[in-house]
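Everything below concerns the one structure shown next.
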Amino acid sequence: MNQPDPITIHHLALNQDHGCFATGTETGFRVYLSDPYKPIMRRDFDRNPRGGTQLVSMLFRSNIICLVNSGPHQSNKVMIWDDHENRYLGELSFRSEVKNVRLRRDRIVVVLNQKVYVYNFTDLKLVDQIETVVNPTGLCDVSQNAGPMVMACPGLLKGQVRVEDYGTKKSKYITAHASRIASIAMTLDGRFVATASSKGTLIRVFNTMDGSLLQEMRRGAERAEIYSLAFSSNAQWLAASSDKGTVHVFGLKVDSGSPGTGKLHSAPEPNLSSKNSSAISSFRFIRGVLPKYFSSKWSMAQFRLPENVQYLVGFGRQNNTIVIVGLDGSYYKCEFDPMKGGEMHQLEHYKFLKPEEPF
């Protein structure tokens, strides 16, 4: 009996609240609940040209999904799919390949190699366009809470992040790193942005209102490619995945309680006596004397995965849990101890994208 052909994943993305994830395949796209894990949608297109769906962007758990298909004259179009009506509602066409699409309830943000376009969702009217440095992975993030959008994308200089506040109509340029920006993530309210560079050793959190550095965290000593960054919904934790195969969770000390502030608060400190803990270096009593390597905050919890597989990380519905999805078709849910830190506990593991997967 012939085995079904394995399914190729062209694209993988978590939605805005990490509650779902979507995959683009050679025949269409699929959507899954991420916590609890459950396949919920599969769409295969008969006329999908040459290679399927290369990008999928969800709007929370709504029926609206933006797709970019592979193939000539397809990868430069954003197709807006209404799954209730089972048809395309419209499209946005560009002169070059679409690298990313970010959605919120009132805006569609399309990222090209050196440009970002912002559209009204209701009438697809162009609202803004921004030039960036070369941005091959389509780095960009947008706020999701009610009110005017805040957007973060690369600036015009290497290592620079541009923050657009559409409420105040002001731009803020943050010199985040000395090398190229490799990852950007924003809190749901748009007040804080996390960045990592192509070096991949340090992750920094900035206040988007004034550009000030709030916290610096060290992923490791060796270079790494950061695949994803994600804030928890309350901005108490930040998770990161990289090609080194370890997912890290960092405790944040950013006060997310009152609008307009970027102060530090007392987040739970992992038990420094734990041998697995890697919180602020125990050398902090002589901070200022030792190099930055010792004064940066290290992750408080870790989960080990195979190296060189691209994993995305988000936060689960329960407190102190994360979800991880990989281009190898793997799903994990893990729990971390906010006081002791150390190795996370694996709660669930599934292989998705099985050809016989029921939807």
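Residues in the structure tokens are numbered from 1 in each chain, the chains being A, B, ... in the order shown, and ligands are numbered from 1 in the order shown.
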
Fewer than 6 positions away in the same chain doesn't count, so skip those; otherwise give me all residues within 7 Å of region 60-66 of chain A, counting only C-alpha atoms, as a JSON list (two decimals) with all heavy atoms, in the first residue's frame.
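Ended up saving to out.json:
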[["chain", "number", "residue", "atom", "x", "y", "z"],
["A", 15, "ASN", "N", -1.22, 33.44, 15.20],
["A", 15, "ASN", "CA", -2.06, 34.62, 15.08],
["A", 15, "ASN", "C", -1.73, 35.62, 16.19],
["A", 15, "ASN", "O", -0.79, 35.42, 16.98],
["A", 15, "ASN", "CB", -3.55, 34.25, 15.06],
["A", 15, "ASN", "CG", -4.07, 33.85, 16.43],
["A", 15, "ASN", "OD1", -3.31, 33.52, 17.34],
["A", 15, "ASN", "ND2", -5.38, 33.86, 16.58],
["A", 16, "GLN", "N", -2.50, 36.70, 16.29],
["A", 16, "GLN", "CA", -2.14, 37.82, 17.14],
["A", 16, "GLN", "C", -2.08, 37.47, 18.63],
["A", 16, "GLN", "O", -1.24, 38.01, 19.36],
["A", 16, "GLN", "CB", -3.13, 38.98, 16.91],
["A", 16, "GLN", "CG", -3.00, 39.66, 15.56],
["A", 16, "GLN", "CD", -3.78, 38.95, 14.45],
["A", 16, "GLN", "OE1", -4.27, 37.83, 14.63],
["A", 16, "GLN", "NE2", -3.90, 39.60, 13.31],
["A", 17, "ASP", "N", -2.98, 36.59, 19.09],
["A", 17, "ASP", "CA", -2.98, 36.25, 20.52],
["A", 17, "ASP", "C", -2.40, 34.87, 20.80],
["A", 17, "ASP", "O", -2.56, 34.34, 21.90],
["A", 17, "ASP", "CB", -4.39, 36.37, 21.09],
["A", 17, "ASP", "CG", -5.39, 35.41, 20.44],
["A", 17, "ASP", "OD1", -4.97, 34.57, 19.60],
["A", 17, "ASP", "OD2", -6.60, 35.49, 20.76],
["A", 78, "VAL", "N", -1.42, 40.11, -2.52],
["A", 78, "VAL", "CA", -2.06, 39.69, -1.27],
["A", 78, "VAL", "C", -3.53, 39.44, -1.58],
["A", 78, "VAL", "O", -4.25, 40.35, -2.02],
["A", 78, "VAL", "CB", -1.93, 40.76, -0.18],
["A", 78, "VAL", "CG1", -2.69, 40.33, 1.09],
["A", 78, "VAL", "CG2", -0.47, 41.03, 0.14],
["A", 79, "MET", "N", -3.97, 38.19, -1.39],
["A", 79, "MET", "CA", -5.35, 37.81, -1.65],
["A", 79, "MET", "C", -6.10, 37.76, -0.32],
["A", 79, "MET", "O", -5.65, 37.13, 0.63],
["A", 79, "MET", "CB", -5.41, 36.45, -2.34],
["A", 79, "MET", "CG", -4.51, 36.32, -3.57],
["A", 79, "MET", "SD", -4.97, 37.42, -4.92],
["A", 79, "MET", "CE", -6.54, 36.69, -5.40],
["A", 80, "ILE", "N", -7.25, 38.43, -0.26],
["A", 80, "ILE", "CA", -8.04, 38.49, 0.97],
["A", 80, "ILE", "C", -9.16, 37.46, 0.88],
["A", 80, "ILE", "O", -10.08, 37.59, 0.07],
["A", 80, "ILE", "CB", -8.60, 39.90, 1.20],
["A", 80, "ILE", "CG1", -7.45, 40.92, 1.20],
["A", 80, "ILE", "CG2", -9.37, 39.97, 2.51],
["A", 80, "ILE", "CD1", -7.89, 42.35, 1.09],
["A", 81, "TRP", "N", -9.06, 36.41, 1.71],
["A", 81, "TRP", "CA", -9.97, 35.27, 1.65],
["A", 81, "TRP", "C", -11.00, 35.35, 2.77],
["A", 81, "TRP", "O", -10.66, 35.57, 3.93],
["A", 81, "TRP", "CB", -9.16, 33.98, 1.78],
["A", 81, "TRP", "CG", -9.96, 32.72, 1.87],
["A", 81, "TRP", "CD1", -10.29, 32.03, 3.01],
["A", 81, "TRP", "CD2", -10.54, 31.99, 0.78],
["A", 81, "TRP", "NE1", -11.01, 30.91, 2.70],
["A", 81, "TRP", "CE2", -11.20, 30.86, 1.34],
["A", 81, "TRP", "CE3", -10.57, 32.16, -0.60],
["A", 81, "TRP", "CZ2", -11.87, 29.93, 0.58],
["A", 81, "TRP", "CZ3", -11.25, 31.23, -1.37],
["A", 81, "TRP", "CH2", -11.88, 30.14, -0.79],
["A", 82, "ASP", "N", -12.28, 35.20, 2.41],
["A", 82, "ASP", "CA", -13.36, 35.12, 3.39],
["A", 82, "ASP", "C", -13.79, 33.66, 3.47],
["A", 82, "ASP", "O", -14.39, 33.12, 2.53],
["A", 82, "ASP", "CB", -14.53, 36.01, 2.94],
["A", 82, "ASP", "CG", -15.65, 36.05, 3.99],
["A", 82, "ASP", "OD1", -15.79, 35.08, 4.76],
["A", 82, "ASP", "OD2", -16.38, 37.05, 4.02],
["A", 83, "ASP", "N", -13.50, 33.03, 4.60],
["A", 83, "ASP", "CA", -13.78, 31.60, 4.69],
["A", 83, "ASP", "C", -15.26, 31.30, 4.90],
["A", 83, "ASP", "O", -15.71, 30.20, 4.62],
["A", 83, "ASP", "CB", -12.95, 30.96, 5.81],
["A", 83, "ASP", "CG", -12.77, 29.47, 5.58],
["A", 83, "ASP", "OD1", -12.08, 29.11, 4.62],
["A", 83, "ASP", "OD2", -13.36, 28.69, 6.35],
["A", 84, "HIS", "N", -16.02, 32.27, 5.38],
["A", 84, "HIS", "CA", -17.47, 32.07, 5.50],
["A", 84, "HIS", "C", -18.11, 32.01, 4.12],
["A", 84, "HIS", "O", -18.98, 31.18, 3.85],
["A", 84, "HIS", "CB", -18.11, 33.18, 6.33],
["A", 84, "HIS", "CG", -17.89, 33.03, 7.79],
["A", 84, "HIS", "ND1", -18.35, 33.93, 8.73],
["A", 84, "HIS", "CD2", -17.26, 32.06, 8.51],
["A", 84, "HIS", "CE1", -18.02, 33.53, 9.95],
["A", 84, "HIS", "NE2", -17.35, 32.41, 9.84]]

DSSP on the backbone, then: every residue of region 23-219 of chain A marked strand (DSSP E), written as an MDAnalysis selection string. chainID A and resid 23:25 28:34 37:44 53:58 64:69 77:82 87:93 100:104 107:111 115:120 126:131 141:142 150:154 160:165 170:175 181:186 192:197 202:207 213:218

Can you write out the residues you just picked, keeping C-alpha atoms, as a compact mmCIF listing (two decimals), in the first residue's frame?
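And here is the file that came out, selection-v3.txt:
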# COMPACT_ATOMS: atom_id res chain seq x y z
CA THR A 23 0.47 26.75 7.69
CA GLY A 24 0.83 27.44 3.98
CA THR A 25 1.27 24.24 1.97
CA GLY A 28 -3.47 25.63 0.15
CA PHE A 29 -3.50 26.36 3.87
CA ARG A 30 -4.46 24.83 7.21
CA VAL A 31 -5.40 26.35 10.56
CA TYR A 32 -5.04 24.84 14.03
CA LEU A 33 -5.99 25.82 17.55
CA SER A 34 -2.74 26.10 19.47
CA TYR A 37 -4.13 21.74 20.03
CA LYS A 38 -6.76 20.93 17.45
CA PRO A 39 -6.91 21.03 13.62
CA ILE A 40 -9.83 23.29 12.70
CA MET A 41 -9.56 24.28 9.03
CA ARG A 42 -8.13 22.93 5.79
CA ARG A 43 -8.50 24.57 2.40
CA ASP A 44 -7.03 23.13 -0.80
CA THR A 53 0.55 29.12 -0.54
CA GLN A 54 3.76 30.80 0.58
CA LEU A 55 2.30 33.13 3.22
CA VAL A 56 -0.74 33.01 5.51
CA SER A 57 -1.83 35.79 7.87
CA MET A 58 -4.82 35.40 10.19
CA ILE A 64 -10.76 36.74 7.12
CA ILE A 65 -7.34 35.39 6.10
CA CYS A 66 -4.73 37.00 3.86
CA LEU A 67 -2.85 34.69 1.50
CA VAL A 68 0.14 35.06 -0.79
CA ASN A 69 0.50 32.30 -3.36
CA LYS A 77 -0.27 39.77 -4.61
CA VAL A 78 -2.06 39.69 -1.27
CA MET A 79 -5.35 37.81 -1.65
CA ILE A 80 -8.04 38.49 0.97
CA TRP A 81 -9.97 35.27 1.65
CA ASP A 82 -13.36 35.12 3.39
CA ARG A 87 -14.23 33.22 -1.87
CA TYR A 88 -11.69 35.99 -2.33
CA LEU A 89 -12.96 39.43 -1.34
CA GLY A 90 -10.16 41.41 -2.99
CA GLU A 91 -6.47 41.67 -3.66
CA LEU A 92 -3.55 44.06 -3.30
CA SER A 93 -0.90 43.96 -6.05
CA ASN A 100 5.02 39.63 5.15
CA VAL A 101 1.46 40.68 5.98
CA ARG A 102 0.39 41.97 9.39
CA LEU A 103 -3.28 42.37 10.25
CA ARG A 104 -5.35 44.17 12.84
CA ARG A 107 -5.52 47.83 9.02
CA ILE A 108 -3.65 45.60 6.57
CA VAL A 109 0.12 46.09 6.63
CA VAL A 110 2.07 44.68 3.68
CA VAL A 111 5.85 44.37 3.88
CA LYS A 115 8.88 49.19 1.72
CA VAL A 116 5.93 48.93 4.09
CA TYR A 117 2.39 49.78 2.93
CA VAL A 118 -0.50 50.44 5.32
CA TYR A 119 -4.12 50.08 4.13
CA ASN A 120 -7.57 50.57 5.62
CA LEU A 126 -3.68 53.31 1.09
CA VAL A 127 -3.02 55.12 4.38
CA ASP A 128 0.78 55.23 4.53
CA GLN A 129 3.98 53.95 2.91
CA ILE A 130 7.37 53.75 4.55
CA GLU A 131 10.82 53.02 3.17
CA ASP A 141 4.83 44.15 14.03
CA VAL A 142 1.75 46.15 14.94
CA VAL A 150 1.52 51.58 16.61
CA MET A 151 3.88 49.86 14.15
CA ALA A 152 7.52 48.81 14.40
CA CYS A 153 9.69 47.99 11.39
CA PRO A 154 13.33 48.39 10.34
CA GLN A 160 17.68 50.81 13.52
CA VAL A 161 14.00 50.29 14.38
CA ARG A 162 11.36 52.77 13.26
CA VAL A 163 8.23 53.15 15.41
CA GLU A 164 5.18 54.81 13.87
CA ASP A 165 2.52 56.04 16.28
CA LYS A 170 5.00 60.82 15.27
CA SER A 171 7.93 58.65 14.17
CA LYS A 172 10.56 57.41 16.58
CA TYR A 173 13.91 55.99 15.44
CA ILE A 174 15.62 53.63 17.86
CA THR A 175 19.25 52.56 17.44
CA ILE A 181 17.86 43.62 12.95
CA ALA A 182 16.81 39.95 12.83
CA SER A 183 13.58 39.90 14.86
CA ILE A 184 10.95 42.37 16.09
CA ALA A 185 8.00 41.82 18.45
CA MET A 186 5.59 44.25 20.05
CA PHE A 192 7.02 48.07 24.21
CA VAL A 193 9.05 46.52 21.40
CA ALA A 194 11.62 43.73 21.62
CA THR A 195 14.45 43.35 19.12
CA ALA A 196 17.29 40.97 18.33
CA SER A 197 20.12 41.43 15.86
CA LEU A 202 21.31 40.00 23.03
CA ILE A 203 17.60 40.82 23.08
CA ARG A 204 16.53 44.34 24.00
CA VAL A 205 13.21 45.80 25.09
CA PHE A 206 12.44 49.47 24.35
CA ASN A 207 9.72 51.94 25.25
CA LEU A 213 16.05 50.99 26.59
CA LEU A 214 14.13 49.26 29.37
CA GLN A 215 15.85 45.89 29.60
CA GLU A 216 18.61 43.86 28.00
CA MET A 217 18.62 40.06 28.00
CA ARG A 218 21.30 37.61 26.95

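Using only C-alpha atoms, the contacts of Gln114 (chain A) at a cut-off of 10 Å, with sequence neighbours closer than 3 positions omitted, comprise Ser96, Lys99, Val111, Ile130, Glu131, Thr132, Val133, Val134, Asn135, Pro136, Gly138, Pro154, Gly155 and Leu156 of chain A.
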
Produce a table with one row for each residue of region 153-259 of chain A that has an atom at most 12 Å from any atom of region 341-348 of chain A, each row naming the nearest atom pair and its distance in Å at one decimal; use only C-alpha atoms; arrange rows by chain and rising residue number; format as a tab-separated table.
residue	atom	partner	partner_atom	distance
A:Thr246	CA	A:Glu343	CA	10.3
A:Val247	CA	A:Met344	CA	9.5
A:His248	CA	A:Met344	CA	9.5
A:Val249	CA	A:Gly341	CA	9.0
A:Phe250	CA	A:Gly341	CA	9.6
A:Gly251	CA	A:Gly341	CA	9.8

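Each of A:Leu124, A:Asn320, A:His18, A:Phe303 was compared to Ala230 (chain A) using only C-alpha atoms, and A:His18 turns out to be the nearest.
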